[in-house]
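Engineer: Before I ask anything, here is the structure I am working with.
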Amino acid sequence: MDGKEMLRVEQLNKSFGDLNVLKGVDLTVNESDVVVLIGASGSGKSTLLRCLNFLELKNSGRIIVEGEQVEPKTHDLNKVREKVGMVFQHFNLFPHKTVLGNVIEAPIQVKGIDKKEAMEEGKALLNKVGLGDKYDVYPSKLSGGQKQRVAIARALAMKPDIMLFDEPTSALDPELVGEVLTTMKELAQDGMTMVVVTHEMGFAREVADYVLYMHEGQIVEYGHPSEIFDNPKEERTRAFLNSVL
Amino acid sequence: MIEILHFFDVFTSSLDVFIDGLWITLKLSVVSLFIAIIIGLFFAILKISNIKPLQWIADGYIWIVRGTPLIVQIFILFYGLTDILLIPMFWAGAAGLAFHSGAYIAEIIRGAIQSIDQGQKEAARSLGMTKSLSMRRIILPQAFRRAVPSLGNQFIIGIKDSSLVSFIGMQDLFGVASTMGSNTFDFFPYFLTVAVYYLLIVLVLTFVVNKVEKRLAVSD
Ligand SMILES: Nc1ncnc2c1ncn2[C@@H]1O[C@H](COP(=O)(O)OP(=O)(O)OP(=O)(O)O)[C@@H](O)[C@H]1O
Ligand SMILES: [Mg+2]
């Protein structure tokens, strides 16, 4: 799956005060890759994802999005974020807007798309994630799994080239995890480029093209899922996998 | 018994003069609270900006309003605006009240904005929305909803506080009651009458605020 390069990170460092959270991360994601990021709590997975979307700003290093090195000082980060969608652990749906309202908000306000067109596209996306009967419902009336699928549709409505998922199923009741993973799997099959932080090792094994293991702010091992899960080279990876599997 | 009958007599016979006062009180309250919301929103945004000098300006404003009696603020603005800037009395009174309520509304709005989950802003930004767009479309609508009960409370306080403009000579509800009392030396029934008017205004406003709260609750 060696398509065009979508995202490259070189020697990324990020600290909060005295705390070095990312210590020289390198990462390349090609078109249609599904990259799964695993690692212990506090290892910096969320921080890395948030740096890719510029919700956190790096201290040093380079972030290259679709061939262009993005510098917060000189680039319009909003334009970059249009290309990089994000799905959060706690959904973060807009509670004052209906399901369809959530999905069409950014296309209309940010891209200036005609409302009718946005609604048609929004409905099509909601149908796709299996929520064709929920357009006019407010988020508070949805289950966690439904909320997360709306959040995915909302991100997709901006037609991003890359999607970031930060533990999209961690806040869900166990019986609702499957429906969200299914939606993500379909997205992967459609060729979406995805970076996913998750503890769902089954999903990683089945869907990921690459699995990265992160430990204390560094990527200590990466490879195809079978290499990582069946044959980890690093002792730290093995210890982590033993603790979660 | 005689007292009660006398009160009803005063209440009914003074309807027409109090209607004029009621009109001034309502106009003054609506205008001053409208301006106060704009002032409040402005200073709330200064306070949550990450720019220290702007925060200091907002802090200074709130400090002045909290640290001086409302009547002093009204007098200062009244003499400053009418004598020096030749602004009509109504607008000077409205400015005094708005200057005062604005500080409390600023704090209410700031609190409501800061109570909105950080994830809302992040979701908006991650969709490519600018700071101001996410504030306008995502954060403020939710903050206003959350602030409705406190704002309603502040409006009630504002309406009652508007009675102080009678001291700069305005013939609002309280001004009418004072004048009628002094003219007839029959203070008690006139102040009882004016109390009824304020109670009725607050009753209606409370009803409206509850209705608004219910309507906004559809998304909960
Ligand atoms: N805004 C912040 N300010 C200060 N410290 C932070 C901030 N965000 C994260 N950290 C710290 O950075 C470290 C890495 O956090 P991060 O959320 O990236 O870990 P994670 O790998 O996503 O963990 P988890 O699996 O628990 O989500 C943690 O020690 C965390 O406390
Ligand atoms: Mg995390």
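Residues in the structure tokens are named by chain (A, B, ... in the order shown) and by number from 1 within that chain; ligands are numbered from 1 in the order shown.
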Counting only C-alpha atoms and all ligand atoms, what are the residues of chain A within 12 Å of ligand 1, and for each of them which pair of atoms is the nearest and at what distance in Å, to one decimal? Sort the table by chain and rising number, as a tab-separated table.
Structural biologist:
residue	atom	partner	partner_atom_place_in_ligand_line	distance
A:Asn13	CA	ligand 1	12 (O)	12.0
A:Lys14	CA	ligand 1	12 (O)	9.1
A:Ser15	CA	ligand 1	12 (O)	7.7
A:Phe16	CA	ligand 1	4 (C)	4.9
A:Gly17	CA	ligand 1	4 (C)	7.2
A:Asp18	CA	ligand 1	4 (C)	9.3
A:Leu19	CA	ligand 1	5 (N)	7.1
A:Asn20	CA	ligand 1	12 (O)	7.7
A:Val21	CA	ligand 1	12 (O)	5.2
A:Leu22	CA	ligand 1	14 (C)	8.0
A:Lys23	CA	ligand 1	14 (C)	11.3
A:Leu37	CA	ligand 1	21 (O)	9.2
A:Ile38	CA	ligand 1	21 (O)	8.2
A:Gly39	CA	ligand 1	21 (O)	6.4
A:Ala40	CA	ligand 1	25 (O)	5.8
A:Ser41	CA	ligand 1	25 (O)	3.4
A:Gly42	CA	ligand 1	19 (O)	3.5
A:Ser43	CA	ligand 1	21 (O)	3.9
A:Gly44	CA	ligand 1	18 (O)	3.2
A:Lys45	CA	ligand 1	21 (O)	3.7
A:Ser46	CA	ligand 1	22 (O)	3.6
A:Thr47	CA	ligand 1	18 (O)	3.7
A:Leu48	CA	ligand 1	18 (O)	6.5
A:Leu49	CA	ligand 1	18 (O)	8.1
A:Arg50	CA	ligand 1	18 (O)	8.3
A:Cys51	CA	ligand 1	18 (O)	9.8
A:Leu55	CA	ligand 1	1 (N)	10.0
A:Glu56	CA	ligand 1	1 (N)	8.0
A:Leu57	CA	ligand 1	1 (N)	10.6
A:Phe88	CA	ligand 1	27 (O)	10.9
A:Gln89	CA	ligand 1	27 (O)	9.0
A:His90	CA	ligand 1	27 (O)	11.6
A:Phe165	CA	ligand 1	22 (O)	11.3
A:Asp166	CA	ligand 1	22 (O)	7.9
A:Glu167	CA	ligand 1	27 (O)	7.5
A:Pro168	CA	ligand 1	27 (O)	11.0
A:Ser170	CA	ligand 1	27 (O)	9.5
A:Ala171	CA	ligand 1	27 (O)	11.4
A:Val196	CA	ligand 1	22 (O)	11.4
A:Val197	CA	ligand 1	22 (O)	8.1
A:Thr198	CA	ligand 1	25 (O)	8.5
A:His199	CA	ligand 1	25 (O)	8.5
A:Tyr213	CA	ligand 1	21 (O)	10.5
A:Met214	CA	ligand 1	21 (O)	7.9
A:His215	CA	ligand 1	21 (O)	8.4
A:Glu216	CA	ligand 1	14 (C)	8.1
A:Gly217	CA	ligand 1	14 (C)	7.7
A:Gln218	CA	ligand 1	21 (O)	10.6
A:Ile219	CA	ligand 1	21 (O)	11.4
Engineer: What lies within 10 Å of Asp133 in chain A using only C-alpha atoms, ignoring chain neighbours under 6 positions off, as a list in words?
Structural biologist: Lys123, Leu126 and Asn127 of chain A
Engineer: Kindly determine which residues of chain B lie within 7 Å of chain A, considering only C-alpha atoms, and give the answer as number ranges by chain.
Structural biologist: B: 119-120, 123, 126-130, 142, 219-220
Engineer: Could you check the closest approach to Phe155 in chain B for each of B:Leu173, B:Ala217, B:Tyr104, B:Leu5 and tell me which residue wins, using only C-alpha atoms?
Structural biologist: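 Between B:Leu173, B:Ala217, B:Tyr104, B:Leu5, the residue approaching Phe155 in chain B most closely is B:Tyr104.
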Engineer: Could you pull the residues within 9 Å of Val29 in chain A, counting only C-alpha atoms, minus those fewer than 2 positions along the same chain, as an NGL selection string?
Structural biologist: :A and (4-9 or 27 or 31-35 or 193-195)
Engineer: Could the residues in this selection be saved with C-alpha atoms as a tab-separated table (two decimals), in the first residue's frame?
Structural biologist:
chain	number	residue	atom	x	y	z
A	4	LYS	CA	1.35	9.02	-2.23
A	5	GLU	CA	2.76	10.44	0.99
A	6	MET	CA	0.02	12.15	2.99
A	7	LEU	CA	1.69	13.00	6.24
A	8	ARG	CA	5.25	13.04	7.50
A	9	VAL	CA	6.54	13.89	10.91
A	27	LEU	CA	6.26	9.00	11.28
A	31	GLU	CA	-2.38	7.47	1.09
A	32	SER	CA	-5.01	4.94	2.25
A	33	ASP	CA	-2.80	3.71	5.07
A	34	VAL	CA	-4.42	2.80	8.32
A	35	VAL	CA	-1.91	3.42	11.07
A	193	THR	CA	-6.05	7.56	5.25
A	194	MET	CA	-6.37	7.03	8.98
A	195	VAL	CA	-4.31	7.40	12.14
Engineer: Do a neighbour search on Ile38 in chain B at 8 Å with only C-alpha atoms, toss out local chain neighbours closer than 4 positions, and write the hits as a list in words.
Structural biologist: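 Those residues are Phe34, Phe42 and Gly102 of chain B.
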Engineer: Between A:Val129, A:Leu142, A:Ile228, A:Thr169, single out the one closest to ligand 2, counting only C-alpha atoms and all ligand atoms.
Structural biologist: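 Of the candidates, the smallest distance to ligand 2 is held by A:Thr169.
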Engineer: Please identify the strand (DSSP E or B) residues within range 7-241 of chain A (assignment by DSSP from backbone atoms) and present them as a PyMOL selection string.
Structural biologist: chain A and resi 7-16+19-30+34-39+60-65+68-69+84-87+162-166+193-197+210-215+218-223
Engineer: So what do you get for CA of Gly144 in chain A versus CA of Leu176 in chain A, distance-wise?
Structural biologist: 7.2 Å
Engineer: What is the CA of Tyr222 in chain A to CA of Ala208 in chain A distance in Å?
Structural biologist: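 Computing the Euclidean distance for CA of Tyr222 in chain A and CA of Ala208 in chain A yields 11.5 Å.
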Engineer: Can you tell me, as JSON, numbers by chain, which residues in range 46-244 of chain A count as alpha helix (DSSP H) by DSSP?
Structural biologist: {"A": [46, 47, 48, 49, 50, 51, 52, 77, 78, 79, 80, 81, 82, 83, 99, 100, 101, 102, 103, 104, 105, 106, 107, 108, 109, 115, 116, 117, 118, 119, 120, 121, 122, 123, 124, 125, 126, 127, 128, 144, 145, 146, 147, 148, 149, 150, 151, 152, 153, 154, 155, 156, 174, 175, 176, 177, 178, 179, 180, 181, 182, 183, 184, 185, 186, 187, 188, 189, 201, 202, 203, 204, 205, 206, 207, 225, 226, 227, 228, 229, 230, 235, 236, 237, 238, 239, 240, 241, 242, 243, 244]}
Engineer: Quick one: pull the distance between CA of Gln69 in chain A and CA of Val220 in chain A, Å, one decimal.
Structural biologist: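 Between CA of Gln69 in chain A and CA of Val220 in chain A the gap works out to 24.4 Å.
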Engineer: Need to verify the contact set: Ser178 in chain B, 9 Å, only C-alpha atoms, exclusion of same-chain residues closer than 2 positions in sequence. Can you return it as an mmCIF file with all heavy atoms, in the first residue's frame?
Structural biologist:
data_model
loop_
_atom_site.group_PDB
_atom_site.id
_atom_site.type_symbol
_atom_site.label_atom_id
_atom_site.label_comp_id
_atom_site.auth_asym_id
_atom_site.auth_seq_id
_atom_site.Cartn_x
_atom_site.Cartn_y
_atom_site.Cartn_z
ATOM 1 N N SER B 166 -34.719 58.065 39.833
ATOM 2 C CA SER B 166 -35.594 59.142 40.332
ATOM 3 C C SER B 166 -34.769 60.202 41.053
ATOM 4 O O SER B 166 -35.160 61.366 41.116
ATOM 5 C CB SER B 166 -36.654 58.563 41.259
ATOM 6 O OG SER B 166 -36.024 57.930 42.351
ATOM 7 N N LEU B 173 -41.375 54.966 37.748
ATOM 8 C CA LEU B 173 -42.379 54.504 38.721
ATOM 9 C C LEU B 173 -42.109 55.079 40.112
ATOM 10 O O LEU B 173 -42.981 55.657 40.748
ATOM 11 C CB LEU B 173 -42.369 52.969 38.801
ATOM 12 C CG LEU B 173 -43.171 52.203 37.758
ATOM 13 C CD1 LEU B 173 -42.963 50.708 37.947
ATOM 14 C CD2 LEU B 173 -44.661 52.550 37.843
ATOM 15 N N PHE B 174 -40.854 54.913 40.552
ATOM 16 C CA PHE B 174 -40.528 55.365 41.905
ATOM 17 C C PHE B 174 -40.577 56.886 42.001
ATOM 18 O O PHE B 174 -41.038 57.436 43.010
ATOM 19 C CB PHE B 174 -39.147 54.845 42.306
ATOM 20 C CG PHE B 174 -38.802 55.131 43.732
ATOM 21 C CD1 PHE B 174 -39.391 54.407 44.765
ATOM 22 C CD2 PHE B 174 -37.898 56.137 44.061
ATOM 23 C CE1 PHE B 174 -39.078 54.683 46.076
ATOM 24 C CE2 PHE B 174 -37.577 56.415 45.382
ATOM 25 C CZ PHE B 174 -38.179 55.675 46.391
ATOM 26 N N GLY B 175 -40.141 57.537 40.935
ATOM 27 C CA GLY B 175 -40.191 58.998 40.903
ATOM 28 C C GLY B 175 -41.622 59.492 41.039
ATOM 29 O O GLY B 175 -41.903 60.446 41.786
ATOM 30 N N VAL B 176 -42.541 58.853 40.338
ATOM 31 C CA VAL B 176 -43.954 59.222 40.415
ATOM 32 C C VAL B 176 -44.469 59.019 41.837
ATOM 33 O O VAL B 176 -45.134 59.894 42.404
ATOM 34 C CB VAL B 176 -44.785 58.387 39.412
ATOM 35 C CG1 VAL B 176 -46.278 58.561 39.678
ATOM 36 C CG2 VAL B 176 -44.454 58.803 37.992
ATOM 37 N N MET B 180 -45.920 62.012 44.093
ATOM 38 C CA MET B 180 -47.306 61.963 44.575
ATOM 39 C C MET B 180 -47.345 61.972 46.097
ATOM 40 O O MET B 180 -48.190 62.633 46.698
ATOM 41 C CB MET B 180 -48.017 60.712 44.051
ATOM 42 C CG MET B 180 -48.181 60.660 42.543
ATOM 43 S SD MET B 180 -49.142 62.027 41.873
ATOM 44 C CE MET B 180 -50.779 61.550 42.408
ATOM 45 N N GLY B 181 -46.414 61.238 46.702
ATOM 46 C CA GLY B 181 -46.355 61.201 48.161
ATOM 47 C C GLY B 181 -46.098 62.582 48.744
ATOM 48 O O GLY B 181 -46.808 63.031 49.645
ATOM 49 N N SER B 182 -45.107 63.281 48.177
ATOM 50 C CA SER B 182 -44.768 64.609 48.710
ATOM 51 C C SER B 182 -45.914 65.591 48.486
ATOM 52 O O SER B 182 -46.189 66.437 49.331
ATOM 53 C CB SER B 182 -43.520 65.192 48.049
ATOM 54 O OG SER B 182 -42.619 64.194 47.733
ATOM 55 N N ASN B 183 -46.565 65.484 47.327
ATOM 56 C CA ASN B 183 -47.648 66.429 47.031
ATOM 57 C C ASN B 183 -48.824 66.265 47.979
ATOM 58 O O ASN B 183 -49.488 67.234 48.310
ATOM 59 C CB ASN B 183 -48.137 66.249 45.588
ATOM 60 C CG ASN B 183 -47.088 66.745 44.598
ATOM 61 O OD1 ASN B 183 -46.105 67.372 44.993
ATOM 62 N ND2 ASN B 183 -47.301 66.452 43.328
ATOM 63 N N PHE B 187 -47.768 59.343 51.953
ATOM 64 C CA PHE B 187 -46.722 58.504 51.353
ATOM 65 C C PHE B 187 -47.080 57.020 51.292
ATOM 66 O O PHE B 187 -46.871 56.363 50.290
ATOM 67 C CB PHE B 187 -45.408 58.652 52.136
ATOM 68 C CG PHE B 187 -44.746 59.973 51.914
ATOM 69 C CD1 PHE B 187 -44.881 61.001 52.835
ATOM 70 C CD2 PHE B 187 -44.009 60.192 50.760
ATOM 71 C CE1 PHE B 187 -44.280 62.222 52.624
ATOM 72 C CE2 PHE B 187 -43.388 61.415 50.545
ATOM 73 C CZ PHE B 187 -43.530 62.432 51.478
ATOM 74 N N TYR B 190 -49.009 55.372 48.355
ATOM 75 C CA TYR B 190 -48.316 55.512 47.068
ATOM 76 C C TYR B 190 -47.122 54.562 46.966
ATOM 77 O O TYR B 190 -46.870 53.985 45.915
ATOM 78 C CB TYR B 190 -47.892 56.969 46.837
ATOM 79 C CG TYR B 190 -49.055 57.818 46.399
ATOM 80 C CD1 TYR B 190 -49.660 58.715 47.271
ATOM 81 C CD2 TYR B 190 -49.568 57.675 45.107
ATOM 82 C CE1 TYR B 190 -50.742 59.472 46.878
ATOM 83 C CE2 TYR B 190 -50.665 58.427 44.702
ATOM 84 C CZ TYR B 190 -51.251 59.315 45.591
ATOM 85 O OH TYR B 190 -52.333 60.046 45.189
ATOM 86 N N PHE B 191 -46.410 54.399 48.066
ATOM 87 C CA PHE B 191 -45.286 53.451 47.994
ATOM 88 C C PHE B 191 -45.779 52.014 47.939
ATOM 89 O O PHE B 191 -45.172 51.163 47.287
ATOM 90 C CB PHE B 191 -44.322 53.684 49.172
ATOM 91 C CG PHE B 191 -43.478 54.912 48.958
ATOM 92 C CD1 PHE B 191 -43.395 55.908 49.923
ATOM 93 C CD2 PHE B 191 -42.788 55.085 47.760
ATOM 94 C CE1 PHE B 191 -42.630 57.046 49.706
ATOM 95 C CE2 PHE B 191 -42.024 56.225 47.531
ATOM 96 C CZ PHE B 191 -41.949 57.208 48.514
#
Engineer: Using only C-alpha atoms, which residue out of B:Met89, B:Leu97, B:Ser49, B:Ile108 lies closest to Val30 in chain B?
Structural biologist: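 Of B:Met89, B:Leu97, B:Ser49, B:Ile108, the one nearest Val30 in chain B, counting only C-alpha atoms, is B:Leu97.
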